[in-house]
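K.L.:
To be precise about what I am sending: the file is called upload_37.cif and holds mmCIF, C-alpha atoms; chains and numbers go by the auth columns.
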data_data
#
loop_
_atom_site.group_PDB
_atom_site.id
_atom_site.type_symbol
_atom_site.label_atom_id
_atom_site.label_comp_id
_atom_site.label_asym_id
_atom_site.label_seq_id
_atom_site.Cartn_x
_atom_site.Cartn_y
_atom_site.Cartn_z
_atom_site.B_iso_or_equiv
_atom_site.auth_seq_id
_atom_site.auth_asym_id
ATOM 1 C CA MET A 1 53.280 58.335 19.601 0.00 1 R
ATOM 2 C CA ALA A 2 53.986 60.026 22.924 0.00 2 R
ATOM 3 C CA ARG A 3 54.291 57.951 26.077 0.00 3 R
ATOM 4 C CA ILE A 4 51.834 58.828 28.799 0.00 4 R
ATOM 5 C CA PRO A 5 52.500 57.864 32.425 0.00 5 R
ATOM 6 C CA SER A 6 50.370 54.802 33.049 0.00 6 R
ATOM 7 C CA THR A 7 51.130 53.804 36.611 0.00 7 R
ATOM 8 C CA THR A 8 48.045 55.551 37.976 0.00 8 R
ATOM 9 C CA ALA A 9 44.493 54.770 36.920 0.00 9 R
ATOM 10 C CA PRO A 10 42.844 57.631 35.057 0.00 10 R
ATOM 11 C CA GLU A 11 40.436 59.728 37.127 0.00 11 R
ATOM 12 C CA GLY A 12 36.974 58.168 37.158 0.00 12 R
ATOM 13 C CA SER A 13 38.146 54.724 36.026 0.00 13 R
ATOM 14 C CA PRO A 14 35.461 52.148 36.754 0.00 14 R
ATOM 15 C CA ILE A 15 36.220 49.327 39.171 0.00 15 R
ATOM 16 C CA PRO A 16 35.099 46.065 37.594 0.00 16 R
ATOM 17 C CA GLU A 17 32.767 43.630 39.294 0.00 17 R
ATOM 18 C CA ARG A 18 33.988 40.291 40.554 0.00 18 R
ATOM 19 C CA HIS A 19 32.810 37.667 38.058 0.00 19 R
ATOM 20 C CA ALA A 20 29.995 35.391 39.223 0.00 20 R
ATOM 21 C CA GLN A 21 32.163 32.339 38.441 0.00 21 R
ATOM 22 C CA ALA A 22 35.302 33.661 40.161 0.00 22 R
ATOM 23 C CA PRO A 23 36.935 31.328 42.703 0.00 23 R
ATOM 24 C CA VAL A 24 35.219 31.600 46.085 0.00 24 R
ATOM 25 C CA PRO A 25 37.018 33.601 48.806 0.00 25 R
ATOM 26 C CA GLY A 26 39.637 31.505 50.569 0.00 26 R
ATOM 27 C CA SER A 27 40.094 29.072 47.680 0.00 27 R
ATOM 28 C CA LYS A 28 43.407 28.452 45.924 0.00 28 R
ATOM 29 C CA ILE A 29 43.631 30.021 42.473 0.00 29 R
ATOM 30 C CA PRO A 30 44.968 27.374 40.054 0.00 30 R
ATOM 31 C CA SER A 31 48.143 27.620 38.007 0.00 31 R
ATOM 32 C CA HIS A 32 47.638 28.330 34.313 0.00 32 R
ATOM 33 C CA PHE A 33 50.564 26.051 33.355 0.00 33 R
ATOM 34 C CA GLY A 34 52.358 23.461 35.477 0.00 34 R
ATOM 35 C CA HIS A 35 55.819 24.439 34.200 0.00 35 R
ATOM 36 C CA CYS A 36 55.324 28.216 34.607 0.00 36 R
ATOM 37 C CA PHE A 37 58.384 29.687 36.343 0.00 37 R
ATOM 38 C CA GLY A 38 56.173 31.921 38.479 0.00 38 R
ATOM 39 C CA CYS A 39 53.334 29.666 39.629 0.00 39 R
ATOM 40 C CA GLY A 40 53.926 26.208 38.180 0.00 40 R
ATOM 41 C CA GLU A 41 54.217 23.374 40.676 0.00 41 R
ATOM 42 C CA LEU A 42 56.268 21.319 38.188 0.00 42 R
ATOM 43 C CA HIS A 43 59.045 23.861 37.560 0.00 43 R
ATOM 44 C CA PRO A 44 62.097 22.611 39.503 0.00 44 R
ATOM 45 C CA THR A 45 63.484 26.046 40.503 0.00 45 R
ATOM 46 C CA GLY A 46 60.451 28.308 40.025 0.00 46 R
ATOM 47 C CA LEU A 47 58.842 30.582 42.585 0.00 47 R
ATOM 48 C CA HIS A 48 55.916 28.184 43.105 0.00 48 R
ATOM 49 C CA LEU A 49 53.760 31.209 43.905 0.00 49 R
ATOM 50 C CA VAL A 50 50.410 30.199 45.386 0.00 50 R
ATOM 51 C CA ALA A 51 47.497 32.627 45.399 0.00 51 R
ATOM 52 C CA TYR A 52 44.205 32.581 47.290 0.00 52 R
ATOM 53 C CA ALA A 53 41.047 34.449 46.380 0.00 53 R
ATOM 54 C CA GLY A 54 39.966 37.109 48.842 0.00 54 R
ATOM 55 C CA GLU A 55 36.830 39.203 49.113 0.00 55 R
ATOM 56 C CA GLY A 56 35.904 41.472 46.218 0.00 56 R
ATOM 57 C CA LEU A 57 38.922 41.868 43.939 0.00 57 R
ATOM 58 C CA ASP A 58 41.551 40.992 46.566 0.00 58 R
ATOM 59 C CA ILE A 59 43.996 38.117 46.407 0.00 59 R
ATOM 60 C CA THR A 60 46.826 37.004 48.671 0.00 60 R
ATOM 61 C CA ALA A 61 49.831 35.316 47.107 0.00 61 R
ATOM 62 C CA GLU A 62 52.848 33.757 48.746 0.00 62 R
ATOM 63 C CA PHE A 63 56.147 32.210 47.769 0.00 63 R
ATOM 64 C CA THR A 64 59.469 31.401 49.408 0.00 64 R
ATOM 65 C CA VAL A 65 62.686 33.049 48.260 0.00 65 R
ATOM 66 C CA THR A 66 65.371 30.347 47.965 0.00 66 R
ATOM 67 C CA GLU A 67 69.002 30.247 46.870 0.00 67 R
ATOM 68 C CA ASN A 68 67.669 29.724 43.311 0.00 68 R
ATOM 69 C CA HIS A 69 66.128 33.198 43.432 0.00 69 R
ATOM 70 C CA GLN A 70 69.031 35.284 44.678 0.00 70 R
ATOM 71 C CA GLY A 71 70.834 38.118 42.934 0.00 71 R
ATOM 72 C CA ALA A 72 73.568 39.034 45.396 0.00 72 R
ATOM 73 C CA PRO A 73 74.408 36.322 47.930 0.00 73 R
ATOM 74 C CA GLY A 74 71.611 36.054 50.487 0.00 74 R
ATOM 75 C CA LEU A 75 69.332 38.559 48.728 0.00 75 R
ATOM 76 C CA ALA A 76 66.367 37.995 46.456 0.00 76 R
ATOM 77 C CA HIS A 77 66.830 39.046 42.827 0.00 77 R
ATOM 78 C CA GLY A 78 64.773 42.179 42.120 0.00 78 R
ATOM 79 C CA GLY A 79 63.640 40.814 38.770 0.00 79 R
ATOM 80 C CA LEU A 80 62.179 37.754 40.484 0.00 80 R
ATOM 81 C CA LEU A 81 60.327 39.960 42.951 0.00 81 R
ATOM 82 C CA SER A 82 58.896 41.870 39.989 0.00 82 R
ATOM 83 C CA LEU A 83 57.991 38.520 38.441 0.00 83 R
ATOM 84 C CA ALA A 84 56.043 37.701 41.619 0.00 84 R
ATOM 85 C CA PHE A 85 54.037 40.922 41.262 0.00 85 R
ATOM 86 C CA ASP A 86 53.373 40.137 37.607 0.00 86 R
ATOM 87 C CA GLU A 87 52.317 36.582 38.435 0.00 87 R
ATOM 88 C CA ALA A 88 50.004 37.808 41.202 0.00 88 R
ATOM 89 C CA LEU A 89 48.448 40.249 38.739 0.00 89 R
ATOM 90 C CA GLY A 90 47.783 37.323 36.415 0.00 90 R
ATOM 91 C CA LYS A 91 46.127 35.443 39.267 0.00 91 R
ATOM 92 C CA LEU A 92 43.944 38.471 39.917 0.00 92 R
ATOM 93 C CA MET A 93 42.440 38.063 36.451 0.00 93 R
ATOM 94 C CA TRP A 94 40.845 34.803 37.666 0.00 94 R
ATOM 95 C CA LEU A 95 38.514 36.978 39.749 0.00 95 R
ATOM 96 C CA LEU A 96 37.481 38.920 36.659 0.00 96 R
ATOM 97 C CA ARG A 97 37.458 35.854 34.374 0.00 97 R
ATOM 98 C CA ALA A 98 39.183 37.950 31.703 0.00 98 R
ATOM 99 C CA PRO A 99 42.444 37.347 29.842 0.00 99 R
ATOM 100 C CA ALA A 100 45.169 39.959 30.267 0.00 100 R
ATOM 101 C CA VAL A 101 48.840 40.582 29.589 0.00 101 R
ATOM 102 C CA THR A 102 51.191 42.999 31.301 0.00 102 R
ATOM 103 C CA GLY A 103 51.724 46.156 29.281 0.00 103 R
ATOM 104 C CA ARG A 104 53.876 47.910 31.843 0.00 104 R
ATOM 105 C CA LEU A 105 55.239 46.922 35.226 0.00 105 R
ATOM 106 C CA GLU A 106 57.047 49.496 37.301 0.00 106 R
ATOM 107 C CA THR A 107 58.566 48.524 40.633 0.00 107 R
ATOM 108 C CA ASP A 108 60.323 50.685 43.206 0.00 108 R
ATOM 109 C CA PHE A 109 62.281 48.754 45.821 0.00 109 R
ATOM 110 C CA ILE A 110 62.690 50.374 49.230 0.00 110 R
ATOM 111 C CA LYS A 111 65.157 47.882 50.704 0.00 111 R
ATOM 112 C CA PRO A 112 66.744 44.514 49.867 0.00 112 R
ATOM 113 C CA VAL A 113 64.739 41.339 50.475 0.00 113 R
ATOM 114 C CA PRO A 114 66.673 38.502 52.123 0.00 114 R
ATOM 115 C CA ASN A 115 66.347 34.852 51.088 0.00 115 R
ATOM 116 C CA ALA A 116 64.280 32.389 53.138 0.00 116 R
ATOM 117 C CA PRO A 117 61.273 34.272 54.591 0.00 117 R
ATOM 118 C CA LYS A 118 57.861 33.830 53.025 0.00 118 R
ATOM 119 C CA GLU A 119 56.745 36.787 50.965 0.00 119 R
ATOM 120 C CA TYR A 120 53.144 37.957 50.797 0.00 120 R
ATOM 121 C CA LEU A 121 51.558 39.995 48.082 0.00 121 R
ATOM 122 C CA GLU A 122 48.191 41.641 48.355 0.00 122 R
ATOM 123 C CA GLN A 123 46.576 42.920 45.217 0.00 123 R
ATOM 124 C CA MET A 124 43.682 45.259 44.644 0.00 124 R
ATOM 125 C CA ALA A 125 42.795 46.199 41.080 0.00 125 R
ATOM 126 C CA LYS A 126 41.081 49.007 39.257 0.00 126 R
ATOM 127 C CA THR A 127 40.514 47.991 35.655 0.00 127 R
ATOM 128 C CA PRO A 128 39.288 50.500 33.087 0.00 128 R
ATOM 129 C CA GLU A 129 38.574 48.595 29.889 0.00 129 R
ATOM 130 C CA LEU A 130 41.733 46.624 29.008 0.00 130 R
ATOM 131 C CA MET A 131 44.132 48.078 31.582 0.00 131 R
ATOM 132 C CA ALA A 132 44.671 46.905 35.146 0.00 132 R
ATOM 133 C CA PHE A 133 46.104 49.271 37.728 0.00 133 R
ATOM 134 C CA VAL A 134 47.261 47.480 40.832 0.00 134 R
ATOM 135 C CA ASP A 135 48.229 48.906 44.185 0.00 135 R
ATOM 136 C CA PRO A 136 50.180 46.038 45.760 0.00 136 R
ATOM 137 C CA THR A 137 51.557 45.685 49.249 0.00 137 R
ATOM 138 C CA PHE A 138 54.723 43.628 49.724 0.00 138 R
ATOM 139 C CA GLU A 139 55.380 42.419 53.245 0.00 139 R
ATOM 140 C CA ILE A 140 58.223 40.368 54.717 0.00 140 R
ATOM 141 C CA ASN A 141 57.195 38.019 57.499 0.00 141 R
ATOM 142 C CA PRO A 142 60.071 36.675 59.604 0.00 142 R
#
Could I get this structure in the form of structure tokens?

P.N.:
Amino acid sequence: MARIPSTTAPEGSPIPERHAQAPVPGSKIPSHFGHCFGCGELHPTGLHLVAYAGEGLDITAEFTVTENHQGAPGLAHGGLLSLAFDEALGKLMWLLRAPAVTGRLETDFIKPVPNAPKEYLEQMAKTPELMAFVDPTFEINP
């Protein structure tokens, strides 16, 4: 089986509708498991990512990079930043009310992310059938 690049939605992919029972805009999207390293409130050193439903298929997620999340001293671990994107993608599925798993996650880092500032993720999805293509924005707020 040949691998086909899958980081771009195929031409003409339908954009799904927000589910009628999706969380209302502005509301907190719940954690799927209290001890989840990404979004669980009970995990002692997790990201504690919190996401809020936006309009349409938008969400905003935030977390704080701490010393527990560093790779090199003072810098966030790239794998944990990728985890945050993956976790935010999972939160996005609450708007579709559909289960999903990550088949491929590709991340290009432009510059290092220091510890301490809050990180914000914005997600917009295009989901043809069982695949979700996300065009995230990652922003550092001092």

K.L.:
Which residues of range 8-96 of chain R come within 7 Å of range 103-118 of chain R, and what is each one's closest atom pair and distance in Å (one decimal), counting only C-alpha atoms, sorted by chain and residue number, as JSON lines?

P.N.:
{"residue": "R:Glu62", "atom": "CA", "partner": "R:Lys118", "partner_atom": "CA", "distance": 6.6}
{"residue": "R:Phe63", "atom": "CA", "partner": "R:Lys118", "partner_atom": "CA", "distance": 5.8}
{"residue": "R:Thr64", "atom": "CA", "partner": "R:Lys118", "partner_atom": "CA", "distance": 4.6}
{"residue": "R:Val65", "atom": "CA", "partner": "R:Asn115", "partner_atom": "CA", "distance": 5.0}
{"residue": "R:Thr66", "atom": "CA", "partner": "R:Asn115", "partner_atom": "CA", "distance": 5.6}
{"residue": "R:Glu67", "atom": "CA", "partner": "R:Asn115", "partner_atom": "CA", "distance": 6.8}
{"residue": "R:Gln70", "atom": "CA", "partner": "R:Asn115", "partner_atom": "CA", "distance": 7.0}
{"residue": "R:Gly74", "atom": "CA", "partner": "R:Asn115", "partner_atom": "CA", "distance": 5.4}
{"residue": "R:Leu75", "atom": "CA", "partner": "R:Pro114", "partner_atom": "CA", "distance": 4.3}
{"residue": "R:Ala76", "atom": "CA", "partner": "R:Val113", "partner_atom": "CA", "distance": 5.5}
{"residue": "R:Ser82", "atom": "CA", "partner": "R:Thr107", "partner_atom": "CA", "distance": 6.7}

K.L.:
Could you tell me which of R:Gly79, R:Pro73, R:Gly26, R:Pro16 comes closest to Ala98 in chain R if we count all atoms listed in the file?

P.N.:
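Checking each of R:Gly79, R:Pro73, R:Gly26, R:Pro16 against Ala98 in chain R, counting all atoms listed in the file, the winner is R:Pro16.
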
K.L.:
Write out as a PyMOL selection string each polymer residue whose atoms come within 12 Å of Glu41 in chain R, counting all atoms listed in the file; drop sequence neighbours fewer than 6 positions from it.

P.N.:
chain R and resi 30-35+47-50+63

K.L.:
I need the output of the PyMOL selection byres ((chain R and resi 55) around 10) for this file as a PyMOL selection string; which residues are they?

P.N.:
chain R and resi 18+24-26+53-54+56-59+95

K.L.:
To one decimal place in Å, what is the distance between CA of Gly40 in chain R and CA of Ile15 in chain R?

P.N.:
29.1 Å

K.L.:
How would you write, as number ranges by chain, the residues chosen by the PyMOL selection byres ((chain R and resi 94) around 9) on this structure?

P.N.:
R: 19, 22-23, 29-30, 53, 90-93, 95-99

K.L.:
Taking all atoms of range 51-60 of chain R that appear in the file, build a box with edges along x, y and z, extend it by 6 Å on every side, and state its centre and edge lengths in Å to one decimal, as JSON.

P.N.:
{"center_x": 41.7, "center_y": 37.2, "center_z": 46.5, "size_x": 23.6, "size_y": 21.3, "size_z": 17.2}

K.L.:
Kindly give the distance, in Å, that separates CA of Leu83 in chain R and CA of His69 in chain R, rounded to a single decimal.

P.N.:
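Computed distance, CA of Leu83 in chain R to CA of His69 in chain R, equals 10.9 Å.
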
K.L.:
Compare R:Leu89, R:Ala100, R:Ala72, R:Leu81 by their minimum atom-to-atom distance to Thr60 in chain R, counting all atoms listed in the file, and give me the closest one.

P.N.:
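For Thr60 in chain R, the nearest of the candidates is R:Leu89.
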
K.L.:
Enter the distance from CA of Ala61 in chain R to CA of Cys36 in chain R, in Å, rounded to one decimal.

P.N.:
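One can read the CA of Ala61 in chain R to CA of Cys36 in chain R distance as 15.4 Å.
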
K.L.:
Of the candidates R:Thr102, R:Ser27, R:Gly71, R:Pro14, which shows the shortest atom-to-atom distance to Asp86 in chain R, using all atoms listed in the file?

P.N.:
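Nearest candidate to Asp86 in chain R out of R:Thr102, R:Ser27, R:Gly71, R:Pro14: R:Thr102.
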
K.L.:
Mind filling out range 25-36 of chain R with N, CA, C and O atoms and sending it as a PDB file, keeping the file's coordinate frame?

P.N.:
ATOM      1  N   PRO R  25      36.018  33.094  47.863  1.00  0.00           N
ATOM      2  CA  PRO R  25      37.018  33.601  48.806  1.00  0.00           C
ATOM      3  C   PRO R  25      37.610  32.473  49.654  1.00  0.00           C
ATOM      4  O   PRO R  25      36.902  31.581  50.116  1.00  0.00           O
ATOM      5  N   GLY R  26      38.925  32.517  49.796  1.00  0.00           N
ATOM      6  CA  GLY R  26      39.637  31.505  50.569  1.00  0.00           C
ATOM      7  C   GLY R  26      40.137  30.339  49.744  1.00  0.00           C
ATOM      8  O   GLY R  26      40.954  29.552  50.206  1.00  0.00           O
ATOM      9  N   SER R  27      39.668  30.207  48.506  1.00  0.00           N
ATOM     10  CA  SER R  27      40.094  29.072  47.680  1.00  0.00           C
ATOM     11  C   SER R  27      41.390  29.383  46.941  1.00  0.00           C
ATOM     12  O   SER R  27      41.702  30.532  46.636  1.00  0.00           O
ATOM     13  N   LYS R  28      42.153  28.330  46.658  1.00  0.00           N
ATOM     14  CA  LYS R  28      43.407  28.452  45.924  1.00  0.00           C
ATOM     15  C   LYS R  28      43.090  28.742  44.456  1.00  0.00           C
ATOM     16  O   LYS R  28      42.230  28.089  43.864  1.00  0.00           O
ATOM     17  N   ILE R  29      43.789  29.707  43.890  1.00  0.00           N
ATOM     18  CA  ILE R  29      43.631  30.021  42.473  1.00  0.00           C
ATOM     19  C   ILE R  29      44.595  29.114  41.708  1.00  0.00           C
ATOM     20  O   ILE R  29      45.791  29.083  42.004  1.00  0.00           O
ATOM     21  N   PRO R  30      44.109  28.356  40.726  1.00  0.00           N
ATOM     22  CA  PRO R  30      44.968  27.374  40.054  1.00  0.00           C
ATOM     23  C   PRO R  30      46.055  28.004  39.188  1.00  0.00           C
ATOM     24  O   PRO R  30      45.957  29.155  38.769  1.00  0.00           O
ATOM     25  N   SER R  31      47.083  27.222  38.923  1.00  0.00           N
ATOM     26  CA  SER R  31      48.143  27.620  38.007  1.00  0.00           C
ATOM     27  C   SER R  31      47.616  27.500  36.581  1.00  0.00           C
ATOM     28  O   SER R  31      46.844  26.591  36.272  1.00  0.00           O
ATOM     29  N   HIS R  32      48.053  28.393  35.715  1.00  0.00           N
ATOM     30  CA  HIS R  32      47.638  28.330  34.313  1.00  0.00           C
ATOM     31  C   HIS R  32      48.473  27.341  33.526  1.00  0.00           C
ATOM     32  O   HIS R  32      48.083  26.898  32.449  1.00  0.00           O
ATOM     33  N   PHE R  33      49.659  26.968  34.048  1.00  0.00           N
ATOM     34  CA  PHE R  33      50.564  26.051  33.355  1.00  0.00           C
ATOM     35  C   PHE R  33      51.514  25.454  34.382  1.00  0.00           C
ATOM     36  O   PHE R  33      52.186  26.182  35.112  1.00  0.00           O
ATOM     37  N   GLY R  34      51.565  24.141  34.463  1.00  0.00           N
ATOM     38  CA  GLY R  34      52.358  23.461  35.477  1.00  0.00           C
ATOM     39  C   GLY R  34      53.838  23.798  35.478  1.00  0.00           C
ATOM     40  O   GLY R  34      54.489  23.757  36.512  1.00  0.00           O
ATOM     41  N   HIS R  35      54.396  24.133  34.300  1.00  0.00           N
ATOM     42  CA  HIS R  35      55.819  24.439  34.200  1.00  0.00           C
ATOM     43  C   HIS R  35      56.110  25.932  34.198  1.00  0.00           C
ATOM     44  O   HIS R  35      57.232  26.345  33.909  1.00  0.00           O
ATOM     45  N   CYS R  36      55.118  26.764  34.525  1.00  0.00           N
ATOM     46  CA  CYS R  36      55.324  28.216  34.607  1.00  0.00           C
ATOM     47  C   CYS R  36      56.371  28.508  35.688  1.00  0.00           C
ATOM     48  O   CYS R  36      56.293  27.971  36.792  1.00  0.00           O
TER      49      CYS R  36
END
